[in-house]
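The structure appears right after this line, and notes come after that.
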Amino acid sequence: MTQKLVIIGAGMASGRVIEHLLDADPGAYDITLFNAEPRGNYNRIMLSPVLSGEKTYEEIVTHSDAWYAERGITCRFGEHVVKIDPEMKVVEGENGHVPYDKLVIATGSAPFIIPVPGHDLPGVISYRDLDDTNAMIEAAAKGGKAVVIGGGLLGLEAAAGLKERGMEVTVLHLMGHLMERQLDEAAGYLLRKDLEARGITVKTQASTKAILGEDRARAVLLDSGETLGADLVVMAVGIRPETRLATDAHLDVARGIEVNAQMQTSHPDIYAVGECVEFDGHLFGLVAPLYDQAKVLADSLLDQPNAFVVKELATKLKVTGCDLFSAGDFAEGETRDDIVFRDPARGIYKRLVIEEDRLVGAVMYGDTADGSWFFGLIKDGTDIEEMRETLIFGPAFQGGASADPLSAVAALPPEAEICGCNGVCKGQITSAIERGATDLGAIRATTKASASCGTCTGLVEQLLAVTLGDGYAAPQAQPICGCTHHTHEDVRRLIKSQELKSQAAVWQELGWTTANGCHICRPAVNYYLLADWPLEYQDDPQSRFVNERKHANIQKDGTFSVVPRMWGGITTPDELRAIADAADKYDVPTVKVTGGQRIDLLGVRGEDLPGIWSDLNRAGLVSGHAYSKGLRTVKTCVGTDHCRFGTQDSTGLGIKLEKHLWGSWTPHKLKLAVSGCPRNCAEATCKDIGVICVDSGYEIHVGGAAGMEIKGTELLCKVATEEEAIEVISAMTQIYRENAKYLDRIYKWLAKVGLDWVKTQIVDDLENRKALAARFELSQSVYRKDPWAEHAQDRTTRAQYAPLANLTLEAAE
Amino acid sequence: MSWIDIGHIDDIPLHGARVVKTPGGCVGLFRTGPQQVFAASDRCPHKGGPLSEGIVHGHSVTCPLHNWVFDLNTGQALGADEGRIETYPLRVEAGRLLIDGTAIGKRSAA
């Protein structure tokens, strides 16, 4: 026979109970659902996006009116329950009685209001439900000042939302740092810094004394005596279980309504679920345990055995784009050790707390990708002694080269984020695979994972391999060379994430199988290190191909070619005379004009190099880097100075670009050109980076090639001024320097990451463009100088161009 | 054997090389470790590339022209390439580099 089930409260927990009940046995109960709010179940976690305007209420509704109607659920929304009579088994609503066979109390929690004077003035609101959210949106529409009392998750989300809506926001927090229950001091500091960077004022150790105002809130008075003007005051200092109905019905109530592991209260026909309950001394505020409770309760109502257990909780939160994660217990203690990783420049902080070779707590800020893995270690009480040294670098670094990377991927929980760009987690990818996506392309098409920056491609492929087993023929990821199992991409990433700043560190930490690499990996690793750590790492000439070590091009007979720089292809009679004199003095057999508008002196003996450089330096000529994986030339046409078609000063811009970029090392050679009009006499559209001047500004093209492959450029963007053009090109060069595999020209690298991704990074995101340009400039502070002068003037370096000893002379004596 | 002092080990950069001119052609001195130097012909048997301009790694050097790799212990080309370079006895004593004059074909001036 169908029994009558009455549920008080239509929140996320009871909503899940109903779903489980209907799934298991739709006919078991005739359900009546009370809710004090005049609406059904919605995703309360998403109120913050509603507040900030990213989502609408309609988008966060879990169960619509139609959903309830189709399932025959009697909804009594907007109606308060007056009392419960356990003897008569009746619930008394404002609009009448409902008898029950079983009753579920799911009244959730109520915001905690600090009972300071003025707390009940209009303009003081809490942040708990949609009505509160709407009240804040309405208040924010008038602009003005908001004071948020409480620097916990809810308070910060409210603050961020109100700031987003244009209010001037101050957060008051009683404790010494924000979110002290989830974060330690250092992470709290980073969070504060991020919020302040967004224009939110944060005051810690701020105790509210009163809210001032006659007819409505006007200001907040602090214990310190400070007064803060406020058009809106949001109280978000905490929540407490809503237990009034249970207390009145004489159920056992401590801080919350006490339940057993079957979610049963002290009265056998009355159950409770969600934030209103207390189990084994615990209260619950996060959604994961509530969903566990809902499953248990549904089983209990259907007489299925099940028991609720309290699990370790992890918090992974996004507060206005601040990535933070915390799990377990991270208090310090005598028996506890800390492992701390900090990257102040990138705002990254990670701390692991270890007790007796077990991970007991983790706090992460800025980079939380490994959070779920750490959380797993905490939950399972895994013995971490063996991996202790590399533990903080996460699962990718455990066990050295012999470890099976697939097992680490297999061990990730479904909610582990794989693709950071598109926010795709493991579960989405595995379900896409189950629905028939069996290769990388299909995964990209169906989930977007690895479709943006592409750095997670390896992980996605490993997921394919794990999920499909033998059914997946993985494209073989090529290691750099026989010295290592790692690919170029992996090494680049590990150098950054493990902060490896010397070649020895790379060989050691990444398990190189040779003593000091080989001619293939050494130049690549040397480049990656100098690109990532321009100030800390010193370029190693012995890890460079001879051309870059000797700053000249080796020829087939062992002699060298010498190409002085001619900025933008412009030279002078004096420079030409100096070149001619040098050619005479050093018996240069061949003088040739290059394709990049420079003059090449071919056939110079190695030991003569410092001499010819000194001579050329005296005339103001510097290295043309015609030998380097770096900026080669900026080819130009004559532009508006002489040409009747020229639209801009292409020569002038070319010279500026060359002076800005020269000396920089890049993954492969980098050739530029600037054409003064679309007739394109400088052939800019087959260069790595090309500029086409037009009447209204400068078109910046990228990804051309005219070598082993011929490829026209693609348009990156158009800018109005020379300054912008130089900034975009600096950013383009830097993003290529930071991301590309060694020996990939721009066009090859673009084929992997996609022009669209590059556009999002340096065209759409102005801040990022500026940051990239700034990092390029930082590197150039080291490398923008003439290596010829350095080598010719330094006695030790200069000596190395000569033989160590000449035994033929001795013989002749 | 006649040991000739040709210089100090620190005149050669670590993982780098220098040459010594001899009547029989250039000899490359390859510094493979802080206290370890090998002496071998500077001329690649493939196309005559100057091996002292190559990258020194492990106990090997890679020719800068076409990437032939030679084991400096034996002079043998490694990998798929076939060929051999002459190697010469060399001692490091108190930082001084002593090469065997007889072996490099230097006739005594006397």
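Chain labels run A, B, ... following the order of the structure tokens; each chain numbers its residues from 1, and ligands are numbered from 1 in the order shown.
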Q: Name the residues of range 442-613 of chain A that fall into strand (DSSP E) according to DSSP on the backbone, using the chain letters and numbers of this document, as number ranges by chain.
A: A: 553-554, 560-562, 590-593, 599-604
Q. What residues in chain B lie within 6 Å of chain A, counting only C-alpha atoms, written as a ChimeraX atom specification?
A. /B:6,15-16,18-23,53,55,57-58,109
(Q) For range 79-91 of chain B, find every residue with an atom within 12 Å (counting only C-alpha atoms), except residues of its own chain fewer than 4 positions away, and show them as a PyMOL selection string. (A) (chain A and resi 482) or (chain B and resi 1-9+24-31+35-51+60-63+66-75+95-105)
Find the residues near range 59-76 of chain A: any atom within 6 Å, counting only C-alpha atoms, skip ones fewer than 6 places away on the same chain, and give them as an mmCIF file with N, CA, C and O atoms, in the first residue's frame.
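Generated file (out_25.cif):
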```cif
data_model
loop_
_atom_site.group_PDB
_atom_site.id
_atom_site.type_symbol
_atom_site.label_atom_id
_atom_site.label_comp_id
_atom_site.auth_asym_id
_atom_site.auth_seq_id
_atom_site.Cartn_x
_atom_site.Cartn_y
_atom_site.Cartn_z
ATOM 1 N N ILE A 31 3.943 11.653 -1.989
ATOM 2 C CA ILE A 31 4.829 12.637 -1.361
ATOM 3 C C ILE A 31 4.199 14.023 -1.282
ATOM 4 O O ILE A 31 3.639 14.516 -2.266
ATOM 5 N N THR A 32 4.298 14.631 -0.121
ATOM 6 C CA THR A 32 3.945 16.048 0.029
ATOM 7 C C THR A 32 5.209 16.802 0.427
ATOM 8 O O THR A 32 5.928 16.375 1.342
ATOM 9 N N LEU A 33 5.474 17.898 -0.290
ATOM 10 C CA LEU A 33 6.724 18.629 -0.072
ATOM 11 C C LEU A 33 6.427 20.059 0.365
ATOM 12 O O LEU A 33 5.829 20.831 -0.367
ATOM 13 N N PHE A 34 6.825 20.370 1.612
ATOM 14 C CA PHE A 34 6.686 21.743 2.105
ATOM 15 C C PHE A 34 7.958 22.525 1.828
ATOM 16 O O PHE A 34 9.058 21.984 1.924
ATOM 17 N N ASN A 41 13.271 23.101 -5.610
ATOM 18 C CA ASN A 41 14.689 22.841 -5.389
ATOM 19 C C ASN A 41 15.551 23.496 -6.467
ATOM 20 O O ASN A 41 15.334 23.282 -7.652
ATOM 21 N N TYR A 42 16.485 24.306 -6.033
ATOM 22 C CA TYR A 42 17.446 24.870 -6.971
ATOM 23 C C TYR A 42 18.842 24.667 -6.419
ATOM 24 O O TYR A 42 19.023 24.323 -5.256
ATOM 25 N N ASN A 43 19.834 24.859 -7.299
ATOM 26 C CA ASN A 43 21.228 24.603 -6.930
ATOM 27 C C ASN A 43 21.792 25.795 -6.162
ATOM 28 O O ASN A 43 22.301 26.740 -6.719
#
```
Mind checking which residues fall within 10 Å of Glu499 in chain A, counting only C-alpha atoms, ignoring those fewer than 2 positions away in the same chain, and posting them as a PDB file with C-alpha atoms, in the first residue's frame?
```
ATOM      1  CA  PHE A 341      56.220  24.961  -2.208  1.00  0.00           C
ATOM      2  CA  ASP A 343      56.108  30.480  -6.388  1.00  0.00           C
ATOM      3  CA  ARG A 493      56.398  21.525 -17.988  1.00  0.00           C
ATOM      4  CA  LEU A 494      58.535  19.792 -15.362  1.00  0.00           C
ATOM      5  CA  ILE A 495      61.209  22.474 -15.547  1.00  0.00           C
ATOM      6  CA  LYS A 496      58.552  25.038 -14.707  1.00  0.00           C
ATOM      7  CA  SER A 497      56.592  23.090 -12.137  1.00  0.00           C
ATOM      8  CA  LYS A 501      67.063  25.789 -12.719  1.00  0.00           C
ATOM      9  CA  SER A 502      70.156  23.937 -13.838  1.00  0.00           C
ATOM     10  CA  ALA A 505      68.828  19.444 -11.748  1.00  0.00           C
ATOM     11  CA  VAL A 506      67.000  18.403 -14.910  1.00  0.00           C
ATOM     12  CA  LEU A 529      66.160  26.722 -18.825  1.00  0.00           C
ATOM     13  CA  ASP A 532      62.044  29.953 -18.213  1.00  0.00           C
ATOM     14  CA  TRP A 533      64.592  31.346 -15.763  1.00  0.00           C
TER      15      TRP A 533
END
```
Using only C-alpha atoms, which residues of range 237-347 of chain A come within 12 Å of range 116-128 of chain A, and what is the closest atom pair for each, with the distance in Å to one decimal? Give it as JSON lines, sorted by chain and residue number.
```
{"residue": "A:Val237", "atom": "CA", "partner": "A:Ser126", "partner_atom": "CA", "distance": 8.9}
{"residue": "A:Gly238", "atom": "CA", "partner": "A:Tyr127", "partner_atom": "CA", "distance": 9.7}
{"residue": "A:Ile239", "atom": "CA", "partner": "A:Arg128", "partner_atom": "CA", "distance": 8.8}
{"residue": "A:Arg240", "atom": "CA", "partner": "A:Arg128", "partner_atom": "CA", "distance": 11.4}
```
Q) Within 10 Å of His250 in chain A, counting only C-alpha atoms, which residues qualify if same-chain residues fewer than 3 places away don't, as a list of chain:residue names? A)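 Contacts, in chain order: A:Ile84, A:Asp85, A:Pro86, A:Arg244, A:Leu245, A:Ala246, A:Thr247, A:Val253, A:Ser266, A:His267.
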Output all heavy atoms of each residue in that selection to a file, as a CSV table (one decimal), in the first residue's frame.
```
chain,number,residue,atom,x,y,z
A,84,ILE,N,5.0,20.0,14.2
A,84,ILE,CA,4.9,18.6,14.0
A,84,ILE,C,4.3,17.9,15.2
A,84,ILE,O,4.7,18.2,16.3
A,84,ILE,CB,6.3,18.0,13.7
A,84,ILE,CG1,7.0,18.6,12.6
A,84,ILE,CG2,6.2,16.5,13.6
A,84,ILE,CD1,8.5,18.4,12.5
A,85,ASP,N,3.3,17.0,15.0
A,85,ASP,CA,2.8,16.3,16.1
A,85,ASP,C,3.1,14.8,15.9
A,85,ASP,O,2.5,14.1,15.2
A,85,ASP,CB,1.2,16.5,16.1
A,85,ASP,CG,0.6,15.8,17.4
A,85,ASP,OD1,1.3,14.9,17.9
A,85,ASP,OD2,-0.5,16.2,17.7
A,86,PRO,N,4.2,14.3,16.6
A,86,PRO,CA,4.6,13.0,16.4
A,86,PRO,C,3.6,11.9,16.9
A,86,PRO,O,3.6,10.8,16.4
A,86,PRO,CB,5.9,12.9,17.2
A,86,PRO,CG,6.3,14.3,17.5
A,86,PRO,CD,5.0,15.1,17.5
A,244,ARG,N,14.2,24.3,14.9
A,244,ARG,CA,13.0,24.7,15.7
A,244,ARG,C,11.9,23.7,15.8
A,244,ARG,O,11.4,23.3,16.8
A,244,ARG,CB,12.5,26.1,15.3
A,244,ARG,CG,11.3,26.6,16.2
A,244,ARG,CD,10.7,27.8,15.5
A,244,ARG,NE,10.1,27.6,14.3
A,244,ARG,CZ,8.9,27.0,14.1
A,244,ARG,NH1,8.1,26.7,15.1
A,244,ARG,NH2,8.4,26.8,12.9
A,245,LEU,N,11.5,23.2,14.6
A,245,LEU,CA,10.4,22.2,14.5
A,245,LEU,C,10.7,21.0,15.3
A,245,LEU,O,9.8,20.4,16.0
A,245,LEU,CB,10.1,21.9,13.1
A,245,LEU,CG,9.4,23.0,12.2
A,245,LEU,CD1,9.4,22.6,10.7
A,245,LEU,CD2,8.0,23.3,12.7
A,246,ALA,N,12.0,20.5,15.2
A,246,ALA,CA,12.3,19.3,15.9
A,246,ALA,C,12.4,19.5,17.4
A,246,ALA,O,11.9,18.6,18.1
A,246,ALA,CB,13.7,18.8,15.4
A,247,THR,N,12.9,20.6,17.8
A,247,THR,CA,12.9,20.9,19.2
A,247,THR,C,11.5,20.9,19.8
A,247,THR,O,11.2,20.3,20.8
A,247,THR,CB,13.6,22.3,19.5
A,247,THR,OG1,14.8,22.3,18.8
A,247,THR,CG2,13.8,22.5,21.0
A,253,VAL,N,17.7,16.9,20.1
A,253,VAL,CA,18.4,18.0,19.3
A,253,VAL,C,19.7,18.4,20.1
A,253,VAL,O,19.5,18.7,21.3
A,253,VAL,CB,17.5,19.2,19.1
A,253,VAL,CG1,18.3,20.3,18.4
A,253,VAL,CG2,16.3,18.8,18.2
A,266,SER,N,15.3,10.6,16.9
A,266,SER,CA,14.9,9.8,18.1
A,266,SER,C,13.5,9.3,18.0
A,266,SER,O,13.0,8.5,18.8
A,266,SER,CB,15.1,10.7,19.3
A,266,SER,OG,14.3,11.9,19.1
A,267,HIS,N,12.7,9.8,17.0
A,267,HIS,CA,11.4,9.2,16.8
A,267,HIS,C,11.4,8.3,15.5
A,267,HIS,O,11.9,8.7,14.5
A,267,HIS,CB,10.4,10.4,16.6
A,267,HIS,CG,9.0,9.9,16.7
A,267,HIS,ND1,8.4,9.1,15.8
A,267,HIS,CD2,8.1,10.1,17.8
A,267,HIS,CE1,7.1,8.8,16.2
A,267,HIS,NE2,6.9,9.4,17.4
```
Q: Report the residues of chain B whose backbone DSSP state falls under helix (DSSP H, G or I), written as an MDAnalysis selection string.
A: chainID B and resid 9:11 51:53
